[in-house]
$ cat work.cif   # mmCIF, C-alpha atoms
data_structure
loop_
_atom_site.group_PDB
_atom_site.id
_atom_site.type_symbol
_atom_site.label_atom_id
_atom_site.label_comp_id
_atom_site.auth_asym_id
_atom_site.auth_seq_id
_atom_site.Cartn_x
_atom_site.Cartn_y
_atom_site.Cartn_z
ATOM 1 C CA VAL A 788 0.000 0.000 0.000
ATOM 2 C CA GLU A 789 2.772 2.427 0.934
ATOM 3 C CA LEU A 790 4.551 1.698 -2.349
ATOM 4 C CA LEU A 791 1.443 2.170 -4.515
ATOM 5 C CA ARG A 792 -0.209 5.219 -2.928
ATOM 6 C CA PRO A 793 2.350 7.737 -4.219
ATOM 7 C CA ILE A 794 2.091 6.527 -7.819
ATOM 8 C CA THR A 795 -1.646 6.120 -8.402
ATOM 9 C CA PRO A 796 -4.753 8.260 -7.899
ATOM 10 C CA VAL A 797 -6.774 5.092 -7.216
ATOM 11 C CA GLU A 798 -7.702 4.419 -3.596
ATOM 12 C CA ILE A 799 -5.552 1.555 -2.325
ATOM 13 C CA GLN A 800 -6.808 -0.769 0.374
ATOM 14 C CA TRP A 801 -4.742 -3.506 1.948
ATOM 15 C CA VAL A 802 -6.627 -6.795 1.915
ATOM 16 C CA VAL A 803 -5.578 -10.178 3.230
ATOM 17 C CA ASP A 804 -3.980 -12.668 0.893
ATOM 18 C CA PRO A 805 -6.628 -14.878 -0.773
ATOM 19 C CA VAL A 806 -5.333 -17.834 1.260
ATOM 20 C CA PHE A 807 -7.029 -16.277 4.297
ATOM 21 C CA LEU A 808 -10.433 -15.958 2.663
ATOM 22 C CA LEU A 809 -11.049 -19.598 3.575
ATOM 23 C CA ARG A 810 -11.000 -20.768 7.186
ATOM 24 C CA ARG A 811 -8.836 -23.633 8.423
ATOM 25 C CA GLU A 812 -11.774 -26.067 8.308
ATOM 26 C CA GLU A 813 -12.449 -25.174 4.677
ATOM 27 C CA TRP A 814 -8.789 -25.730 3.753
ATOM 28 C CA LYS A 815 -8.784 -29.056 5.607
ATOM 29 C CA SER A 816 -11.777 -30.197 3.578
ATOM 30 C CA LEU A 817 -9.867 -29.326 0.399
ATOM 31 C CA VAL A 818 -6.534 -30.907 1.292
ATOM 32 C CA GLY A 819 -7.817 -33.875 3.272
ATOM 33 C CA SER A 820 -7.248 -34.867 6.852
ATOM 34 C CA LYS A 821 -4.518 -37.473 6.486
ATOM 35 C CA CYS A 822 -2.160 -36.953 9.386
ATOM 36 C CA ASP A 823 1.161 -38.589 10.172
ATOM 37 C CA SER A 824 1.519 -40.211 13.564
ATOM 38 C CA GLU A 825 5.166 -39.256 13.886
ATOM 39 C CA ARG A 826 6.398 -35.875 15.049
ATOM 40 C CA TYR A 827 8.370 -33.896 12.509
ATOM 41 C CA ALA A 828 9.705 -30.545 11.393
ATOM 42 C CA LEU A 829 8.860 -29.411 7.860
ATOM 43 C CA CYS A 830 11.195 -27.355 5.691
ATOM 44 C CA TYR A 831 10.083 -25.437 2.645
ATOM 45 C CA PHE A 832 12.709 -23.042 1.330
ATOM 46 C CA LEU A 833 12.623 -21.185 -1.959
ATOM 47 C CA GLY A 834 16.064 -19.669 -1.444
ATOM 48 C CA ASN A 835 19.340 -21.523 -1.086
ATOM 49 C CA ASP A 836 20.730 -20.246 2.212
ATOM 50 C CA SER A 837 22.415 -23.149 4.001
ATOM 51 C CA THR A 838 22.284 -21.445 7.434
ATOM 52 C CA GLU A 839 18.531 -21.859 7.828
ATOM 53 C CA ARG A 840 18.755 -25.505 6.748
ATOM 54 C CA LYS A 841 21.450 -26.162 9.351
ATOM 55 C CA ILE A 842 19.293 -24.511 12.025
ATOM 56 C CA ALA A 843 16.282 -26.651 11.046
ATOM 57 C CA LYS A 844 18.374 -29.830 11.047
ATOM 58 C CA GLU A 845 19.851 -29.065 14.478
ATOM 59 C CA TYR A 846 16.423 -28.143 15.867
ATOM 60 C CA ALA A 847 14.914 -31.410 14.645
ATOM 61 C CA LYS A 848 17.814 -33.368 16.073
ATOM 62 C CA ARG A 849 17.563 -31.743 19.519
ATOM 63 C CA LYS A 850 13.766 -32.097 19.650
ATOM 64 C CA ASN A 851 13.945 -35.686 18.373
ATOM 65 C CA LEU A 852 11.809 -34.844 15.324
ATOM 66 C CA LYS A 853 11.960 -36.287 11.858
ATOM 67 C CA LEU A 854 12.977 -33.670 9.298
ATOM 68 C CA LYS A 855 10.737 -33.583 6.244
ATOM 69 C CA VAL A 856 11.423 -31.455 3.205
ATOM 70 C CA MET A 857 9.302 -30.070 0.402
ATOM 71 C CA PRO A 858 11.862 -29.442 -2.339
ATOM 72 C CA PHE A 859 11.800 -26.097 -4.096
ATOM 73 C CA LEU A 860 9.007 -26.365 -6.647
ATOM 74 C CA ASN A 861 9.782 -23.644 -9.180
ATOM 75 C CA GLY A 862 10.303 -25.840 -12.191
ATOM 76 C CA GLU A 863 13.281 -27.569 -10.643
ATOM 77 C CA ILE A 864 14.278 -29.265 -7.422
ATOM 78 C CA SER A 865 16.847 -27.476 -5.345
ATOM 79 C CA GLU A 866 19.853 -29.719 -4.808
ATOM 80 C CA ASP A 867 20.187 -28.158 -1.334
ATOM 81 C CA ASP A 868 16.896 -29.847 -0.382
ATOM 82 C CA LEU A 869 17.772 -33.345 -1.551
ATOM 83 C CA ASP A 870 20.265 -34.434 1.086
ATOM 84 C CA TYR A 871 19.393 -32.915 4.435
ATOM 85 C CA GLY A 872 15.831 -34.073 5.194
ATOM 86 C CA ASP A 873 14.509 -37.476 6.154
ATOM 87 C CA GLU A 874 11.209 -37.195 4.259
ATOM 88 C CA ARG A 875 9.010 -34.731 2.352
ATOM 89 C CA ILE A 876 5.351 -34.123 3.431
ATOM 90 C CA GLN A 877 2.941 -31.789 5.354
ATOM 91 C CA ASN A 878 1.218 -31.364 8.787
ATOM 92 C CA ALA A 879 4.348 -30.536 10.754
ATOM 93 C CA GLU A 880 4.898 -29.784 14.397
ATOM 94 C CA ILE A 881 7.075 -26.860 13.305
ATOM 95 C CA VAL A 882 7.782 -25.248 9.924
ATOM 96 C CA PHE A 883 11.014 -23.623 8.754
ATOM 97 C CA THR A 884 10.551 -21.558 5.615
ATOM 98 C CA ASP A 885 11.346 -18.441 3.611
ATOM 99 C CA SER A 886 7.971 -18.514 1.848
ATOM 100 C CA PHE A 887 5.092 -16.106 2.445
ATOM 101 C CA HIS A 888 2.501 -18.769 1.685
ATOM 102 C CA ALA A 889 4.152 -21.415 3.869
ATOM 103 C CA THR A 890 3.974 -18.822 6.642
ATOM 104 C CA ALA A 891 0.322 -18.099 5.857
ATOM 105 C CA PHE A 892 -0.589 -21.793 5.950
ATOM 106 C CA SER A 893 1.400 -22.256 9.156
ATOM 107 C CA LEU A 894 -0.763 -19.556 10.728
ATOM 108 C CA LEU A 895 -3.969 -21.013 9.274
ATOM 109 C CA PHE A 896 -3.170 -24.499 10.533
ATOM 110 C CA GLU A 897 -1.825 -23.151 13.841
ATOM 111 C CA ARG A 898 1.670 -24.561 13.405
ATOM 112 C CA GLN A 899 4.779 -23.248 15.061
ATOM 113 C CA PHE A 900 7.077 -21.695 12.458
ATOM 114 C CA TYR A 901 10.130 -19.613 11.755
ATOM 115 C CA VAL A 902 10.283 -17.674 8.515
ATOM 116 C CA PHE A 903 13.623 -16.460 7.185
ATOM 117 C CA GLU A 904 14.302 -13.582 4.864
ATOM 118 C CA ARG A 905 15.010 -14.953 1.411
ATOM 119 C CA SER A 906 18.513 -13.882 0.444
ATOM 120 C CA PHE A 907 17.944 -13.548 -3.309
ATOM 121 C CA GLN A 908 14.564 -11.792 -3.071
ATOM 122 C CA SER A 909 14.503 -9.527 -0.035
ATOM 123 C CA SER A 910 11.697 -7.449 -1.585
ATOM 124 C CA MET A 911 9.321 -10.254 -0.537
ATOM 125 C CA GLY A 912 10.190 -9.427 3.048
ATOM 126 C CA SER A 913 7.652 -6.605 3.305
ATOM 127 C CA ARG A 914 4.784 -9.076 2.783
ATOM 128 C CA ILE A 915 6.127 -11.390 5.469
ATOM 129 C CA GLU A 916 6.824 -8.490 7.819
ATOM 130 C CA SER A 917 3.249 -7.203 7.391
ATOM 131 C CA LEU A 918 1.843 -10.684 7.960
ATOM 132 C CA THR A 919 3.835 -11.360 11.129
ATOM 133 C CA GLU A 920 2.887 -7.915 12.462
ATOM 134 C CA LEU A 921 -0.796 -8.572 11.721
ATOM 135 C CA PHE A 922 -0.628 -11.723 13.859
ATOM 136 C CA SER A 923 1.776 -10.195 16.432
ATOM 137 C CA VAL A 924 4.372 -12.918 15.815
ATOM 138 C CA GLN A 925 7.242 -10.721 14.618
ATOM 139 C CA ASP A 926 9.696 -12.658 16.780
ATOM 140 C CA HIS A 927 9.188 -15.631 14.434
ATOM 141 C CA TYR A 928 10.408 -13.622 11.440
ATOM 142 C CA CYS A 929 14.147 -14.202 11.226
ATOM 143 C CA ASN A 930 15.134 -11.170 9.192
ATOM 144 C CA ILE A 931 17.977 -9.764 11.281
ATOM 145 C CA PRO A 932 21.291 -11.415 12.204
ATOM 146 C CA ASN A 933 20.552 -12.105 15.881
ATOM 147 C CA ARG A 934 17.372 -13.972 14.879
ATOM 148 C CA THR A 935 19.111 -16.259 12.408
ATOM 149 C CA THR A 936 20.848 -18.364 15.024
ATOM 150 C CA PHE A 937 19.971 -21.738 16.424
ATOM 151 C CA ASP A 938 19.993 -20.395 20.000
ATOM 152 C CA TYR A 939 17.493 -17.649 19.165
ATOM 153 C CA ILE A 940 15.078 -20.087 17.565
ATOM 154 C CA TYR A 941 15.490 -22.752 20.230
ATOM 155 C CA GLU A 942 14.806 -20.255 23.019
ATOM 156 C CA THR A 943 12.005 -18.170 21.466
ATOM 157 C CA ALA A 944 8.572 -18.753 22.958
ATOM 158 C CA SER A 945 6.038 -20.733 20.964
ATOM 159 C CA ILE A 946 3.175 -18.946 19.267
ATOM 160 C CA ASP A 947 0.113 -18.976 21.513
ATOM 161 C CA TYR A 948 -2.714 -19.985 19.198
ATOM 162 C CA SER A 949 -5.235 -19.980 22.039
ATOM 163 C CA LYS A 950 -5.294 -16.163 21.953
ATOM 164 C CA GLU A 951 -7.517 -14.304 19.532
ATOM 165 C CA PHE A 952 -5.776 -12.522 16.658
ATOM 166 C CA THR A 953 -8.096 -9.517 16.729
ATOM 167 C CA ALA A 954 -6.216 -7.344 14.216
ATOM 168 C CA PHE A 955 -6.209 -10.194 11.700
ATOM 169 C CA GLU A 956 -9.902 -11.023 12.188
ATOM 170 C CA THR A 957 -10.836 -7.355 11.749
ATOM 171 C CA MET A 958 -8.788 -7.117 8.572
ATOM 172 C CA ARG A 959 -10.181 -10.397 7.227
ATOM 173 C CA LYS A 960 -13.757 -9.152 7.645
ATOM 174 C CA SER A 961 -12.890 -5.776 6.132
ATOM 175 C CA SER A 962 -11.148 -7.501 3.207
ATOM 176 C CA ILE A 963 -14.121 -9.725 2.452
ATOM 177 C CA SER A 964 -16.467 -6.729 2.620
ATOM 178 C CA TYR A 965 -14.210 -4.683 0.311
ATOM 179 C CA LEU A 966 -13.853 -7.517 -2.205
ATOM 180 C CA LEU A 967 -17.593 -8.276 -2.251
ATOM 181 C CA SER A 968 -18.410 -4.596 -2.663
ATOM 182 C CA ASN A 969 -16.108 -4.329 -5.678
ATOM 183 C CA ILE A 970 -17.371 -7.578 -7.202
ATOM 184 C CA ASN A 971 -20.941 -6.270 -6.863
ATOM 185 C CA LYS A 972 -19.951 -2.965 -8.530
ATOM 186 C CA ILE A 973 -18.500 -4.872 -11.471
ATOM 187 C CA LEU A 974 -21.583 -7.088 -11.739
ATOM 188 C CA GLU A 975 -23.802 -3.985 -11.813
ATOM 189 C CA GLU A 976 -21.652 -2.452 -14.543
ATOM 190 C CA VAL A 977 -21.933 -5.507 -16.795
ATOM 191 C CA LYS A 978 -25.732 -5.720 -16.495
#
$ encode --input "work.cif" --output "structure tokens"
Amino acid sequence: VELLRPITPVEIQWVVDPVFLLRREEWKSLVGSKCDSERYALCYFLGNDSTERKIAKEYAKRKNLKLKVMPFLNGEISEDDLDYGDERIQNAEIVFTDSFHATAFSLLFERQFYVFERSFQSSMGSRIESLTELFSVQDHYCNIPNRTTFDYIYETASIDYSKEFTAFETMRKSSISYLLSNINKILEEVK
């Protein structure tokens, strides 16, 4: 919003990512409810920073978790993801990622997570920063040097999903209202 306002006369409104238009129960009905019985950490990295992978591997080892990996799915598999994880799948106890959408789904499915700034595409960081601020979980965004250490991650408090995320819920409702209003305007125009 801050980037677009100075360059357009059109009113800009920040709305939630479309992922959040569906509730967790709706997503579960779409993706199924198959759940692994073993405890594991899930890694989904789009960048190729080895530090975050080492942190995830050490975390899994210390917590006695399997380490599952979703290889980079942008037309090719990242070789960095082939050798350090035990398996590749979903429904993790904790997620390590540099992806906005992996962060969004971690929040939707109430999973613990740490999201790292992607080294080759730091411009994506503003989306992740806004998202973690909206949910008041900025301490799980590892975008500064003292947060990209194993000790920081190991000692940071878990996200308390029993609390209500009021700012997010308000924005979600506002977003749906804004989107529906604009869809209705378009439908009226085409009549």
$ atom_distance --input "work.cif" --atom1 "atom CA of A:Glu880" --atom2 "atom CA of A:Ser949"
16.0 Å
$ residues_around --input "work.cif" --residues "stretch 953-958 of chain A" --least-positions-apart "2" --cutoff "9 Å" --atoms "only C-alpha atoms" --output "PyMOL selection string"
chain A and resi 801-803+918+921-923+950-951+960-963
$ closest_residue --input "work.cif" --among "A:Val902, A:Ile881, A:Cys830, A:Ala944" --to "A:Tyr928" --atoms "all atoms listed in the file"
A:Val902
$ resolve_selection --input "work.cif" --expression "the PyMOL selection byres ((chain A and resi 916) around 12)" --output "NGL selection string"
:A and (885-887 or 890-891 or 902-904 or 909-915 or 917-931)
$ atom_distance --input "work.cif" --atom1 "atom CA of A:Leu808" --atom2 "atom CA of A:Leu895"
10.5 Å
$ resolve_selection --input "work.cif" --expression "the PyMOL selection byres ((chain A and resi 842-853) around 10)" --output "ChimeraX atom specification"
/A:825-830,837-841,854-856,871-874,879-884,901,935-938,940-941
$ atom_distance --input "work.cif" --atom1 "atom CA of A:His888" --atom2 "atom CA of A:Val806"
7.9 Å
